[in-house]
$ cat structure08.cif   # mmCIF, C-alpha atoms
data_work
#
loop_
_atom_site.label_atom_id
_atom_site.label_comp_id
_atom_site.auth_asym_id
_atom_site.auth_seq_id
_atom_site.Cartn_x
_atom_site.Cartn_y
_atom_site.Cartn_z
CA MET A 647 -9.98 -34.76 -15.16
CA ALA A 648 -8.20 -36.80 -12.49
CA PRO A 649 -4.75 -38.16 -13.37
CA GLU A 650 -4.74 -41.76 -14.51
CA SER A 651 -3.44 -44.36 -12.08
CA ASP A 652 -3.77 -48.06 -11.54
CA PRO A 653 -6.48 -48.91 -9.00
CA PRO A 654 -5.18 -50.49 -5.80
CA ALA A 655 -5.47 -54.25 -5.63
CA ARG A 656 -8.46 -55.48 -3.67
CA GLY A 657 -7.58 -55.53 0.00
CA ALA A 658 -4.27 -53.70 -0.49
CA PRO A 659 -3.49 -50.96 2.04
CA ARG A 660 -4.16 -47.38 0.91
CA PHE A 661 -2.03 -44.38 1.83
CA PRO A 662 -3.91 -41.24 0.72
CA ALA A 663 -1.47 -38.34 0.48
CA ARG A 664 -2.56 -34.82 1.41
CA ILE A 665 -0.73 -31.66 0.33
CA LEU A 666 -0.50 -29.28 3.27
CA THR A 667 -0.87 -25.53 2.79
CA PRO A 668 0.47 -23.84 5.92
CA ARG A 669 0.40 -20.05 5.63
CA SER A 670 2.86 -19.24 8.38
CA GLY A 671 5.67 -20.60 10.48
CA ARG A 672 3.24 -21.13 13.34
CA GLU A 673 1.03 -23.37 11.19
CA ILE A 674 4.08 -25.37 10.09
CA VAL A 675 4.96 -26.02 13.73
CA GLU A 676 1.37 -27.06 14.47
CA GLU A 677 1.41 -29.56 11.60
CA LEU A 678 4.64 -31.08 12.87
CA GLU A 679 3.34 -31.25 16.44
CA ARG A 680 0.35 -33.27 15.22
CA THR A 681 2.74 -36.04 14.17
CA ASP A 682 3.77 -36.52 17.80
CA CYS A 683 7.33 -35.74 16.75
CA ASP A 684 10.10 -35.34 19.29
CA PRO A 685 9.65 -31.72 20.50
CA GLU A 686 13.36 -31.04 20.15
CA GLY A 687 13.18 -31.85 16.46
CA ILE A 688 10.23 -29.61 15.65
CA GLY A 689 12.25 -26.40 15.58
CA ILE A 690 14.85 -27.98 13.31
CA MET A 691 12.27 -29.39 10.93
CA ALA A 692 10.11 -26.25 10.86
CA ALA A 693 13.04 -24.25 9.52
CA LYS A 694 13.27 -26.71 6.61
CA ALA A 695 9.57 -26.73 5.79
CA ARG A 696 8.99 -23.26 4.38
CA SER A 697 10.74 -21.92 1.32
CA PHE A 698 11.16 -18.25 0.46
CA LEU A 699 11.69 -16.52 -2.88
CA VAL A 700 13.63 -13.29 -2.44
CA ARG A 701 14.16 -10.94 -5.36
CA LEU A 702 17.08 -8.58 -5.76
CA ASP A 703 17.46 -6.06 -8.59
CA ARG A 704 20.54 -4.62 -10.24
CA VAL A 705 22.93 -7.20 -8.76
CA PRO A 706 26.46 -6.66 -10.17
CA LEU A 707 27.53 -9.12 -12.86
CA LYS A 708 30.32 -10.70 -10.81
CA ALA A 709 28.10 -11.10 -7.75
CA SER A 710 25.29 -13.04 -9.48
CA PRO A 711 27.11 -16.35 -10.12
CA LEU A 712 28.61 -16.26 -6.62
CA LEU A 713 25.13 -15.92 -5.15
CA LYS A 714 23.97 -18.95 -7.13
CA GLN A 715 27.06 -20.90 -6.09
CA GLU A 716 26.58 -20.22 -2.38
CA PHE A 717 22.88 -21.08 -2.45
CA LEU A 718 23.45 -24.31 -4.40
CA ALA A 719 26.07 -25.27 -1.83
CA VAL A 720 23.49 -25.22 0.99
CA GLY A 721 20.70 -26.93 -1.00
CA GLY A 722 18.95 -23.79 -2.24
CA ASP A 723 19.14 -22.17 -5.65
CA ALA A 724 19.19 -18.83 -7.45
CA VAL A 725 17.93 -17.59 -10.80
CA HIS A 726 19.52 -14.76 -12.76
CA ALA A 727 19.57 -13.34 -16.30
CA ARG A 728 20.94 -15.46 -19.15
CA GLY A 729 23.39 -12.70 -19.95
CA VAL A 730 25.34 -13.42 -16.77
CA ALA A 731 26.82 -16.52 -18.43
CA ASP A 732 28.38 -14.65 -21.38
CA HIS A 733 28.93 -11.35 -19.54
CA SER A 734 26.56 -9.52 -21.90
CA VAL A 735 24.85 -7.69 -19.02
CA ALA A 736 26.33 -5.39 -16.38
CA THR A 737 23.71 -6.21 -13.74
CA SER A 738 20.98 -8.79 -13.30
CA PRO A 739 17.86 -9.36 -11.26
CA VAL A 740 18.31 -12.39 -8.99
CA VAL A 741 15.68 -14.54 -7.28
CA LEU A 742 17.06 -16.50 -4.33
CA ILE A 743 15.23 -19.72 -3.37
CA GLY A 744 15.60 -21.58 -0.11
CA THR A 745 14.36 -22.41 3.35
CA ARG A 746 15.07 -20.09 6.27
CA THR A 747 17.92 -22.38 7.35
CA GLN A 748 19.43 -22.38 3.87
CA PHE A 749 19.24 -18.59 3.73
CA ARG A 750 20.92 -18.32 7.10
CA ARG A 751 23.81 -20.55 6.06
CA ALA A 752 24.32 -18.97 2.64
CA LEU A 753 24.07 -15.39 3.88
CA ALA A 754 26.66 -16.03 6.58
CA LYS A 755 29.11 -17.08 3.88
CA LEU A 756 28.51 -13.90 1.89
CA GLU A 757 30.19 -11.85 4.62
CA ARG A 758 33.55 -13.11 3.33
CA GLN A 759 32.87 -12.45 -0.35
CA PRO A 760 33.74 -9.46 -2.62
CA PHE A 761 31.56 -7.59 -5.14
CA HIS A 762 29.16 -6.02 -2.60
CA LEU A 763 27.97 -9.46 -1.46
CA PRO A 764 28.20 -8.63 2.29
CA ALA A 765 25.83 -5.68 1.76
CA ILE A 766 23.54 -7.83 -0.40
CA GLY A 767 23.44 -10.49 2.30
CA ARG A 768 22.56 -7.97 5.01
CA SER A 769 19.78 -6.55 2.84
CA VAL A 770 18.28 -10.00 2.28
CA GLU A 771 18.49 -10.89 5.97
CA GLN A 772 16.78 -7.62 6.90
CA ALA A 773 13.97 -8.18 4.38
CA LEU A 774 13.34 -11.71 5.64
CA ALA A 775 13.23 -10.54 9.25
CA ARG A 776 10.80 -7.74 8.39
CA PHE A 777 8.57 -9.98 6.28
CA GLN A 778 8.31 -12.59 9.04
CA SER A 779 7.81 -10.07 11.84
CA THR A 780 4.39 -10.38 13.43
CA GLY A 781 2.65 -8.91 16.45
CA ALA A 782 1.59 -5.51 17.65
CA ARG A 783 3.61 -2.36 17.19
CA THR A 784 2.86 1.26 17.95
CA VAL A 785 2.69 4.06 15.40
CA ARG A 786 3.01 7.34 17.25
CA GLY A 787 0.94 10.22 15.87
CA ALA A 788 0.96 13.89 16.77
CA HIS A 789 -1.62 13.49 19.56
CA ARG A 790 -2.60 9.83 19.70
CA ALA A 791 -0.78 6.54 19.16
CA TRP A 792 -2.10 3.71 17.00
CA THR A 793 -1.53 0.02 17.70
CA VAL A 794 -1.30 -2.00 14.48
CA GLY A 795 -0.30 -5.55 13.62
CA ASP A 796 -2.19 -7.31 16.40
CA ARG A 797 -5.21 -7.64 14.08
CA PRO A 798 -6.32 -6.06 10.78
CA ARG A 799 -7.13 -2.41 11.49
CA VAL A 800 -9.80 -0.33 9.72
CA LEU A 801 -9.29 3.28 8.62
CA GLY A 802 -12.74 4.76 8.01
CA ILE A 803 -13.16 7.32 5.21
CA VAL A 804 -14.91 10.68 5.68
CA ASN A 805 -14.93 12.61 2.38
CA VAL A 806 -15.80 16.31 2.80
CA THR A 807 -15.94 16.89 -0.96
CA PRO A 808 -18.56 17.62 -3.62
CA ASP A 809 -16.97 15.34 -6.23
CA SER A 810 -15.51 12.19 -4.66
CA PHE A 811 -16.30 9.18 -6.82
CA SER A 812 -18.44 7.28 -4.32
CA ASP A 813 -19.92 9.75 -1.83
CA GLY A 814 -19.25 13.22 -3.22
CA GLY A 815 -21.51 15.86 -1.65
CA ARG A 816 -22.97 13.62 1.06
CA PHE A 817 -20.89 15.06 3.89
CA LEU A 818 -20.16 18.63 2.80
CA ASP A 819 -22.06 19.92 5.83
CA PRO A 820 -19.58 19.81 8.76
CA ASP A 821 -22.13 18.61 11.28
CA ARG A 822 -23.18 15.76 9.02
CA ALA A 823 -19.54 14.82 8.37
CA ILE A 824 -18.80 14.79 12.11
CA GLU A 825 -21.85 12.61 12.76
CA HIS A 826 -20.71 10.25 10.00
CA GLY A 827 -17.24 9.98 11.54
CA GLU A 828 -18.73 9.20 14.94
CA ALA A 829 -20.96 6.56 13.35
CA LEU A 830 -17.94 4.91 11.69
CA VAL A 831 -16.19 4.71 15.07
CA ARG A 832 -19.28 3.06 16.57
CA GLU A 833 -19.17 0.56 13.69
CA GLY A 834 -15.61 -0.34 14.62
CA ALA A 835 -13.28 2.05 12.78
CA ASP A 836 -9.87 2.10 14.45
CA ALA A 837 -9.02 5.48 12.91
CA LEU A 838 -10.65 8.08 10.63
CA ASP A 839 -9.31 9.56 7.38
CA ILE A 840 -10.65 13.06 6.58
CA GLY A 841 -10.28 14.41 3.05
CA GLY A 842 -11.26 17.71 1.43
CA GLU A 843 -9.97 17.17 -2.10
CA SER A 844 -11.12 14.41 -4.43
CA THR A 845 -8.22 12.37 -5.83
CA ARG A 846 -10.29 10.25 -8.19
CA PRO A 847 -8.82 9.84 -11.70
CA GLY A 848 -9.10 13.09 -13.64
CA ALA A 849 -10.15 15.14 -10.61
CA ALA A 850 -9.53 18.88 -10.83
CA PRO A 851 -7.14 20.24 -8.19
CA VAL A 852 -8.58 22.16 -5.25
CA ASP A 853 -7.00 25.30 -3.87
CA PRO A 854 -5.48 24.54 -0.44
CA SER A 855 -7.48 27.35 1.16
CA GLU A 856 -10.73 25.78 -0.04
CA GLU A 857 -9.57 22.33 1.02
CA TRP A 858 -8.85 23.65 4.51
CA ARG A 859 -12.19 25.48 4.68
CA ARG A 860 -13.97 22.17 4.05
CA ILE A 861 -12.11 20.02 6.56
CA ALA A 862 -11.21 22.42 9.40
CA PRO A 863 -14.50 22.20 11.35
CA VAL A 864 -14.68 18.44 10.77
CA ILE A 865 -11.22 17.74 12.14
CA ARG A 866 -11.75 20.06 15.11
CA GLY A 867 -15.14 18.52 15.87
CA LEU A 868 -13.99 14.92 15.61
CA ALA A 869 -10.84 15.60 17.64
CA GLU A 870 -13.11 16.63 20.51
CA ARG A 871 -15.57 13.75 20.15
CA VAL A 872 -13.61 10.60 19.27
CA THR A 873 -10.62 8.91 20.85
CA VAL A 874 -9.33 7.09 17.76
CA PRO A 875 -6.48 8.58 15.68
CA ILE A 876 -7.43 11.05 12.93
CA SER A 877 -5.72 11.10 9.55
CA VAL A 878 -5.85 13.99 7.10
CA ASP A 879 -5.90 12.98 3.43
CA THR A 880 -4.00 15.82 1.77
CA ARG A 881 -1.10 16.46 -0.60
CA HIS A 882 -0.61 20.07 0.54
CA ALA A 883 1.93 20.79 3.27
CA ASP A 884 0.14 23.85 4.61
CA VAL A 885 -3.13 21.95 4.94
CA ALA A 886 -1.28 19.11 6.69
CA ARG A 887 0.24 21.52 9.24
CA ARG A 888 -3.06 23.18 10.03
CA ALA A 889 -4.85 19.85 10.27
CA VAL A 890 -2.35 18.48 12.79
CA GLU A 891 -2.62 21.67 14.82
CA ALA A 892 -6.41 21.18 14.80
CA GLY A 893 -6.14 17.62 16.13
CA ALA A 894 -5.08 15.28 13.30
CA ASP A 895 -2.46 12.64 14.09
CA ILE A 896 -1.53 11.24 10.67
CA VAL A 897 -0.86 12.78 7.26
CA ASN A 898 -2.07 10.56 4.40
CA ASP A 899 -0.26 11.91 1.34
CA VAL A 900 -1.25 10.42 -2.03
CA GLU A 901 1.90 11.98 -3.52
CA GLY A 902 4.14 9.97 -1.21
CA LEU A 903 5.83 12.89 0.59
CA ARG A 904 7.55 13.93 -2.66
CA ASP A 905 7.34 17.63 -1.65
CA PRO A 906 10.17 18.63 0.72
CA ALA A 907 7.70 21.00 2.38
CA MET A 908 5.60 17.97 3.34
CA HIS A 909 8.66 16.36 4.92
CA ALA A 910 9.06 19.46 7.07
CA ALA A 911 5.36 19.57 7.95
CA VAL A 912 5.32 15.96 9.12
CA ARG A 913 8.62 16.22 10.99
CA GLU A 914 7.89 19.50 12.74
CA THR A 915 4.33 18.62 13.81
CA GLY A 916 5.24 15.14 15.07
CA ALA A 917 2.64 13.52 12.83
CA ALA A 918 2.78 9.99 11.47
CA ALA A 919 2.51 9.62 7.69
CA ILE A 920 1.10 7.25 5.09
CA VAL A 921 3.40 7.24 2.05
CA MET A 922 1.40 6.28 -1.03
CA HIS A 923 2.61 5.43 -4.53
CA MET A 924 1.25 7.53 -7.36
CA ARG A 925 2.69 8.75 -10.64
CA GLY A 926 1.89 12.32 -11.62
CA THR A 927 -1.20 13.93 -10.13
CA PRO A 928 -4.83 12.79 -9.86
CA SER A 929 -5.59 14.63 -13.11
CA THR A 930 -2.72 12.96 -15.05
CA MET A 931 -2.04 9.65 -13.31
CA GLN A 932 -4.15 7.40 -15.55
CA ALA A 933 -2.04 8.42 -18.52
CA GLN A 934 0.99 6.90 -16.78
CA THR A 935 0.14 3.22 -16.36
CA GLU A 936 3.04 1.70 -18.34
CA TYR A 937 5.31 -0.39 -16.10
CA ALA A 938 8.12 -2.75 -17.07
CA ASP A 939 7.82 -4.43 -13.67
CA LEU A 940 4.77 -3.18 -11.78
CA ARG A 941 5.40 -4.67 -8.35
CA GLY A 942 9.12 -4.04 -8.49
CA GLU A 943 8.71 -0.41 -9.52
CA VAL A 944 6.10 0.30 -6.83
CA PHE A 945 8.27 -1.44 -4.22
CA HIS A 946 11.40 0.52 -5.13
CA ALA A 947 9.51 3.81 -5.35
CA LEU A 948 8.16 3.31 -1.83
CA ALA A 949 11.59 2.26 -0.59
CA ASP A 950 13.09 5.45 -2.03
CA ALA A 951 10.27 7.63 -0.66
CA THR A 952 10.58 6.25 2.86
CA ASP A 953 14.38 6.49 2.75
CA ARG A 954 14.07 10.18 1.82
CA ALA A 955 11.57 10.72 4.62
CA VAL A 956 13.89 9.18 7.21
CA GLU A 957 16.82 11.20 5.86
CA ALA A 958 14.65 14.31 6.25
CA GLY A 959 14.26 13.56 9.95
CA ILE A 960 10.94 11.73 10.12
CA PRO A 961 11.25 8.77 12.54
CA ALA A 962 10.88 5.45 10.72
CA ASP A 963 8.39 4.20 13.32
CA ARG A 964 5.96 6.94 12.24
CA LEU A 965 5.79 5.81 8.59
CA MET A 966 3.32 3.54 6.77
CA VAL A 967 3.23 2.59 3.06
CA ASP A 968 0.39 2.23 0.55
CA PRO A 969 0.74 0.77 -3.00
CA GLY A 970 -1.92 3.20 -4.30
CA LEU A 971 -4.48 0.93 -5.95
CA GLY A 972 -6.13 2.80 -8.82
CA PHE A 973 -3.62 5.65 -8.70
CA GLY A 974 -1.80 5.41 -12.02
CA LYS A 975 -2.71 1.73 -12.36
CA SER A 976 -5.10 -0.17 -14.59
CA ALA A 977 -7.71 -2.52 -13.17
CA ALA A 978 -5.48 -5.53 -13.79
CA GLN A 979 -2.50 -3.78 -12.22
CA SER A 980 -4.51 -2.81 -9.14
CA LEU A 981 -5.63 -6.42 -8.71
CA GLU A 982 -2.04 -7.63 -9.01
CA LEU A 983 -0.86 -5.17 -6.35
CA LEU A 984 -3.74 -6.16 -4.08
CA THR A 985 -2.99 -9.88 -4.24
CA HIS A 986 0.74 -9.28 -3.67
CA ALA A 987 0.47 -6.44 -1.17
CA GLY A 988 2.14 -8.57 1.50
CA GLU A 989 5.44 -8.19 -0.38
CA LEU A 990 5.61 -4.61 0.89
CA ARG A 991 6.09 -5.95 4.41
CA SER A 992 9.71 -6.48 3.36
CA LEU A 993 10.19 -2.71 3.72
CA GLY A 994 9.52 -2.93 7.45
CA TYR A 995 6.61 -0.46 7.60
CA PRO A 996 2.92 -1.15 8.29
CA VAL A 997 1.12 -1.62 4.97
CA VAL A 998 -2.08 0.28 4.13
CA VAL A 999 -4.39 -0.79 1.30
CA GLY A 1000 -7.39 1.12 -0.02
CA ALA A 1001 -9.52 -0.91 -2.42
CA SER A 1002 -12.92 0.18 -1.16
CA ARG A 1003 -15.47 0.96 -3.91
CA LYS A 1004 -12.80 1.44 -6.58
CA SER A 1005 -13.61 0.72 -10.21
CA PHE A 1006 -11.17 -2.20 -10.55
CA LEU A 1007 -13.52 -4.19 -8.30
CA GLY A 1008 -15.99 -4.28 -11.20
CA GLY A 1009 -19.33 -2.79 -12.13
CA SER A 1010 -20.15 0.45 -13.89
CA GLY A 1011 -23.12 2.71 -14.45
CA PRO A 1012 -25.98 3.41 -12.01
CA GLY A 1013 -25.71 1.43 -8.80
CA ALA A 1014 -22.11 0.40 -9.47
CA ILE A 1015 -20.77 1.78 -6.19
CA GLU A 1016 -23.27 -0.19 -4.10
CA ALA A 1017 -22.65 -3.30 -6.21
CA ARG A 1018 -18.96 -3.22 -5.31
CA LEU A 1019 -19.54 -3.88 -1.62
CA GLU A 1020 -19.07 -7.65 -1.78
CA ALA A 1021 -15.95 -7.38 -3.97
CA GLY A 1022 -14.59 -4.72 -1.61
CA LEU A 1023 -15.06 -7.03 1.36
CA ALA A 1024 -13.27 -9.82 -0.52
CA ALA A 1025 -10.43 -7.41 -1.30
CA ALA A 1026 -10.12 -6.44 2.36
CA VAL A 1027 -9.97 -10.09 3.42
CA LEU A 1028 -7.40 -10.92 0.71
CA ALA A 1029 -5.20 -8.04 1.80
CA ALA A 1030 -5.48 -8.81 5.49
CA ASP A 1031 -4.74 -12.49 4.91
CA ALA A 1032 -1.57 -11.44 3.06
CA GLY A 1033 -0.43 -9.54 6.14
CA VAL A 1034 -1.64 -6.02 5.34
CA GLU A 1035 -2.13 -4.26 8.66
CA ILE A 1036 -4.50 -1.40 7.72
CA LEU A 1037 -7.52 -1.32 5.39
CA ARG A 1038 -8.85 2.07 4.28
CA VAL A 1039 -12.59 1.64 3.65
CA HIS A 1040 -15.94 3.37 3.29
CA ASP A 1041 -18.11 0.47 4.51
CA VAL A 1042 -16.71 0.09 8.00
CA GLY A 1043 -19.27 -2.17 9.70
CA PRO A 1044 -19.32 -4.92 7.05
CA THR A 1045 -15.52 -4.76 6.72
CA VAL A 1046 -14.99 -5.09 10.48
CA ARG A 1047 -17.22 -8.15 10.54
CA ALA A 1048 -15.43 -9.73 7.56
CA LEU A 1049 -11.98 -9.03 9.02
CA SER A 1050 -12.93 -10.58 12.34
CA LEU A 1051 -12.75 -13.96 10.59
CA VAL A 1052 -9.18 -13.23 9.46
CA ALA A 1053 -8.23 -12.25 13.00
CA ARG A 1054 -9.79 -15.41 14.41
CA SER A 1055 -8.00 -17.59 11.84
CA ARG A 1056 -4.69 -16.22 13.08
CA SER A 1057 -5.39 -16.77 16.77
CA ASP A 1058 -7.39 -20.01 16.93
#

$ encode --input "structure08.cif" --output "structure tokens"
Amino acid sequence: MAPESDPPARGAPRFPARILTPRSGREIVEELERTDCDPEGIGIMAAKARSFLVRLDRVPLKASPLLKQEFLAVGGDAVHARGVADHSVATSPVVLIGTRTQFRRALAKLERQPFHLPAIGRSVEQALARFQSTGARTVRGAHRAWTVGDRPRVLGIVNVTPDSFSDGGRFLDPDRAIEHGEALVREGADALDIGGESTRPGAAPVDPSEEWRRIAPVIRGLAERVTVPISVDTRHADVARRAVEAGADIVNDVEGLRDPAMHAAVRETGAAAIVMHMRGTPSTMQAQTEYADLRGEVFHALADATDRAVEAGIPADRLMVDPGLGFGKSAAQSLELLTHAGELRSLGYPVVVGASRKSFLGGSGPGAIEARLEAGLAAAVLAADAGVEILRVHDVGPTVRALSLVARSRSD
């Protein structure tokens, strides 16, 4: 029902107001330019037109009120726990609110403050810069480099398994798997992801020797026949090493490089790596879906995992992150992570999302996998529009066509 208001008097001038919904700094500038504003003022006004909410966790008690004070002083604000007022908490989450200009002014003042505030300010500034960073960047793999960020990129799935949830058994024959990979490249896949162990919920583990037997001829064959990067979907360090030696460029580890042996395998082979979030193992993960703060816990787990990888000697520009939809998450949790996947850009790494054909998209029983196509395409578009750089999918052709609209919306 429309809000009540007095009708305008007959003949009185009308001034219909329109709420603008710019999705980026570029769109804000375009809106201001359409007013025929003085060009020198556009840059000043654009900085005032977009507000950011930045969350910090475990901020020391004495730092929280100073953060609020500094942000209020520049016209922004900050929210923290009620216990800060009576000193009943030792630390507090803090959400900072302000425009880019307000953040710049407040953060500059933090450099002169105690209680770890200079470090907090630098962390916030770094996150803002990473989140706003756009444009192409190169991820170097063991044999091939991958350009991401210029448009949404598609990582096509080739499952060489008898029991994967959507296509188990279809590509067990190496020749058929190689042909399928080539077909995905013709459909527009920017890279291929080859897996020999199903990681669906409750899946039984596969011996690494059997996993390697399944994927070895496929990786070798595709390395000779395609020019796009090849990723190996494995959680076993020995399989990762052998796959890279056979021609793979990227290690896609559902366990998030938690095994020190996987750190060594990635570092010593020169591979890139996708660091995914998962609790437990594929056989136990769905018993571990309790989160106090889903997005915060996934974010911090990926931050810790990538920090450990860099400390182990893996170059930061070879890392990508994946929130792990469906891996130790309920349907509702997977949807929440999908719609907020752009938050992971604050880490500074390309973001990978794999929603394709997963059960949280809806549908069950016979024909459910095929019925999830449309929802999977919507998920890919949602993720790409949020700034996710890489979509891991089964249905490459339809996804490429859907994502072309996202790419055009960014460039037109």

$ residues_around --input "structure08.cif" --residues "A:Pro706" --least-positions-apart "2" --cutoff "9 Å" --atoms "all atoms listed in the file" --output "count of residues only"
9

$ resolve_selection --input "structure08.cif" --expression "the PyMOL selection byres ((chain A and resi 727) around 8)" --output "ChimeraX atom specification"
/A:725-726,728-730,738-740

$ write_last_selection --input "structure08.cif" --atoms "C-alpha atoms" --output "tab-separated table (two decimals), in the frame of the given file"
chain	number	residue	atom	x	y	z
A	725	VAL	CA	17.93	-17.59	-10.80
A	726	HIS	CA	19.52	-14.76	-12.76
A	728	ARG	CA	20.94	-15.46	-19.15
A	729	GLY	CA	23.39	-12.70	-19.95
A	730	VAL	CA	25.34	-13.42	-16.77
A	738	SER	CA	20.98	-8.79	-13.30
A	739	PRO	CA	17.86	-9.36	-11.26
A	740	VAL	CA	18.31	-12.39	-8.99

$ closest_atom_pairs --input "structure08.cif" --of "stretch 686-795 of chain A" --to "stretch 893-910 of chain A" --cutoff "6 Å" --atoms "all atoms listed in the file" --output "Markdown table"
| residue | atom | partner | partner_atom | distance |
| --- | --- | --- | --- | --- |
| A:Gly787 | CA | A:Asp895 | CA | 4.5 |
| A:Ala788 | CA | A:Asp895 | CA | 4.5 |
| A:His789 | CA | A:Asp895 | CA | 5.6 |

$ closest_residue --input "structure08.cif" --among "A:Met691, A:Leu756, A:Leu702, A:Val1042" --to "A:Gly942" --atoms "only C-alpha atoms"
A:Leu702

$ resolve_selection --input "structure08.cif" --expression "the PyMOL selection byres ((chain A and resi 770) around 12)" --output "PyMOL selection string"
chain A and resi 698-703+713+740-743+746+749-750+752-754+756+763-769+771-777+992-993

$ resolve_selection --input "structure08.cif" --expression "the PyMOL selection byres ((chain A and resi 858-867) around 12)" --output "PDB file with C-alpha atoms, in the coordinates of the input"
ATOM      1  CA  VAL A 804     -14.910  10.680   5.680  1.00  0.00           C
ATOM      2  CA  ASN A 805     -14.930  12.610   2.380  1.00  0.00           C
ATOM      3  CA  VAL A 806     -15.800  16.310   2.800  1.00  0.00           C
ATOM      4  CA  THR A 807     -15.940  16.890  -0.960  1.00  0.00           C
ATOM      5  CA  PRO A 808     -18.560  17.620  -3.620  1.00  0.00           C
ATOM      6  CA  GLY A 815     -21.510  15.860  -1.650  1.00  0.00           C
ATOM      7  CA  PHE A 817     -20.890  15.060   3.890  1.00  0.00           C
ATOM      8  CA  LEU A 818     -20.160  18.630   2.800  1.00  0.00           C
ATOM      9  CA  ASP A 819     -22.060  19.920   5.830  1.00  0.00           C
ATOM     10  CA  PRO A 820     -19.580  19.810   8.760  1.00  0.00           C
ATOM     11  CA  ASP A 821     -22.130  18.610  11.280  1.00  0.00           C
ATOM     12  CA  ARG A 822     -23.180  15.760   9.020  1.00  0.00           C
ATOM     13  CA  ALA A 823     -19.540  14.820   8.370  1.00  0.00           C
ATOM     14  CA  ILE A 824     -18.800  14.790  12.110  1.00  0.00           C
ATOM     15  CA  GLU A 825     -21.850  12.610  12.760  1.00  0.00           C
ATOM     16  CA  HIS A 826     -20.710  10.250  10.000  1.00  0.00           C
ATOM     17  CA  GLY A 827     -17.240   9.980  11.540  1.00  0.00           C
ATOM     18  CA  GLU A 828     -18.730   9.200  14.940  1.00  0.00           C
ATOM     19  CA  LEU A 838     -10.650   8.080  10.630  1.00  0.00           C
ATOM     20  CA  ASP A 839      -9.310   9.560   7.380  1.00  0.00           C
ATOM     21  CA  ILE A 840     -10.650  13.060   6.580  1.00  0.00           C
ATOM     22  CA  GLY A 841     -10.280  14.410   3.050  1.00  0.00           C
ATOM     23  CA  GLY A 842     -11.260  17.710   1.430  1.00  0.00           C
ATOM     24  CA  GLU A 843      -9.970  17.170  -2.100  1.00  0.00           C
ATOM     25  CA  SER A 844     -11.120  14.410  -4.430  1.00  0.00           C
ATOM     26  CA  VAL A 852      -8.580  22.160  -5.250  1.00  0.00           C
ATOM     27  CA  ASP A 853      -7.000  25.300  -3.870  1.00  0.00           C
ATOM     28  CA  PRO A 854      -5.480  24.540  -0.440  1.00  0.00           C
ATOM     29  CA  SER A 855      -7.480  27.350   1.160  1.00  0.00           C
ATOM     30  CA  GLU A 856     -10.730  25.780  -0.040  1.00  0.00           C
ATOM     31  CA  GLU A 857      -9.570  22.330   1.020  1.00  0.00           C
ATOM     32  CA  LEU A 868     -13.990  14.920  15.610  1.00  0.00           C
ATOM     33  CA  ALA A 869     -10.840  15.600  17.640  1.00  0.00           C
ATOM     34  CA  GLU A 870     -13.110  16.630  20.510  1.00  0.00           C
ATOM     35  CA  ARG A 871     -15.570  13.750  20.150  1.00  0.00           C
ATOM     36  CA  VAL A 872     -13.610  10.600  19.270  1.00  0.00           C
ATOM     37  CA  THR A 873     -10.620   8.910  20.850  1.00  0.00           C
ATOM     38  CA  PRO A 875      -6.480   8.580  15.680  1.00  0.00           C
ATOM     39  CA  ILE A 876      -7.430  11.050  12.930  1.00  0.00           C
ATOM     40  CA  SER A 877      -5.720  11.100   9.550  1.00  0.00           C
ATOM     41  CA  VAL A 878      -5.850  13.990   7.100  1.00  0.00           C
ATOM     42  CA  ASP A 879      -5.900  12.980   3.430  1.00  0.00           C
ATOM     43  CA  THR A 880      -4.000  15.820   1.770  1.00  0.00           C
ATOM     44  CA  ARG A 881      -1.100  16.460  -0.600  1.00  0.00           C
ATOM     45  CA  HIS A 882      -0.610  20.070   0.540  1.00  0.00           C
ATOM     46  CA  ALA A 883       1.930  20.790   3.270  1.00  0.00           C
ATOM     47  CA  ASP A 884       0.140  23.850   4.610  1.00  0.00           C
ATOM     48  CA  VAL A 885      -3.130  21.950   4.940  1.00  0.00           C
ATOM     49  CA  ALA A 886      -1.280  19.110   6.690  1.00  0.00           C
ATOM     50  CA  ARG A 887       0.240  21.520   9.240  1.00  0.00           C
ATOM     51  CA  ARG A 888      -3.060  23.180  10.030  1.00  0.00           C
ATOM     52  CA  ALA A 889      -4.850  19.850  10.270  1.00  0.00           C
ATOM     53  CA  VAL A 890      -2.350  18.480  12.790  1.00  0.00           C
ATOM     54  CA  GLU A 891      -2.620  21.670  14.820  1.00  0.00           C
ATOM     55  CA  ALA A 892      -6.410  21.180  14.800  1.00  0.00           C
ATOM     56  CA  GLY A 893      -6.140  17.620  16.130  1.00  0.00           C
ATOM     57  CA  ALA A 894      -5.080  15.280  13.300  1.00  0.00           C
ATOM     58  CA  ASP A 895      -2.460  12.640  14.090  1.00  0.00           C
ATOM     59  CA  ILE A 896      -1.530  11.240  10.670  1.00  0.00           C
TER      60      ILE A 896
END

$ atom_distance --input "structure08.cif" --atom1 "atom CA of A:Ile803" --atom2 "atom CA of A:Val956"
27.2 Å

$ atom_distance --input "structure08.cif" --atom1 "atom CA of A:Thr667" --atom2 "atom CA of A:Leu1023"
23.4 Å

$ atom_distance --input "structure08.cif" --atom1 "atom CA of A:Ala955" --atom2 "atom CA of A:Ser976"
27.7 Å

$ closest_residue --input "structure08.cif" --among "A:Val1027, A:Ile665, A:Ala849, A:Leu1049" --to "A:Ser929" --atoms "all atoms listed in the file"
A:Ala849

$ residues_near_point --input "structure08.cif" --point "(-16.1, 1.4, 9.3)" --cutoff "6 Å" --atoms "all atoms listed in the file" --output "compact mmCIF listing (two decimals) with C-alpha atoms, keeping the file's coordinate frame"
# COMPACT_ATOMS: atom_id res chain seq x y z
CA GLY A 802 -12.74 4.76 8.01
CA LEU A 830 -17.94 4.91 11.69
CA GLU A 833 -19.17 0.56 13.69
CA GLY A 834 -15.61 -0.34 14.62
CA ALA A 835 -13.28 2.05 12.78
CA ASP A 1041 -18.11 0.47 4.51
CA VAL A 1042 -16.71 0.09 8.00
CA GLY A 1043 -19.27 -2.17 9.70
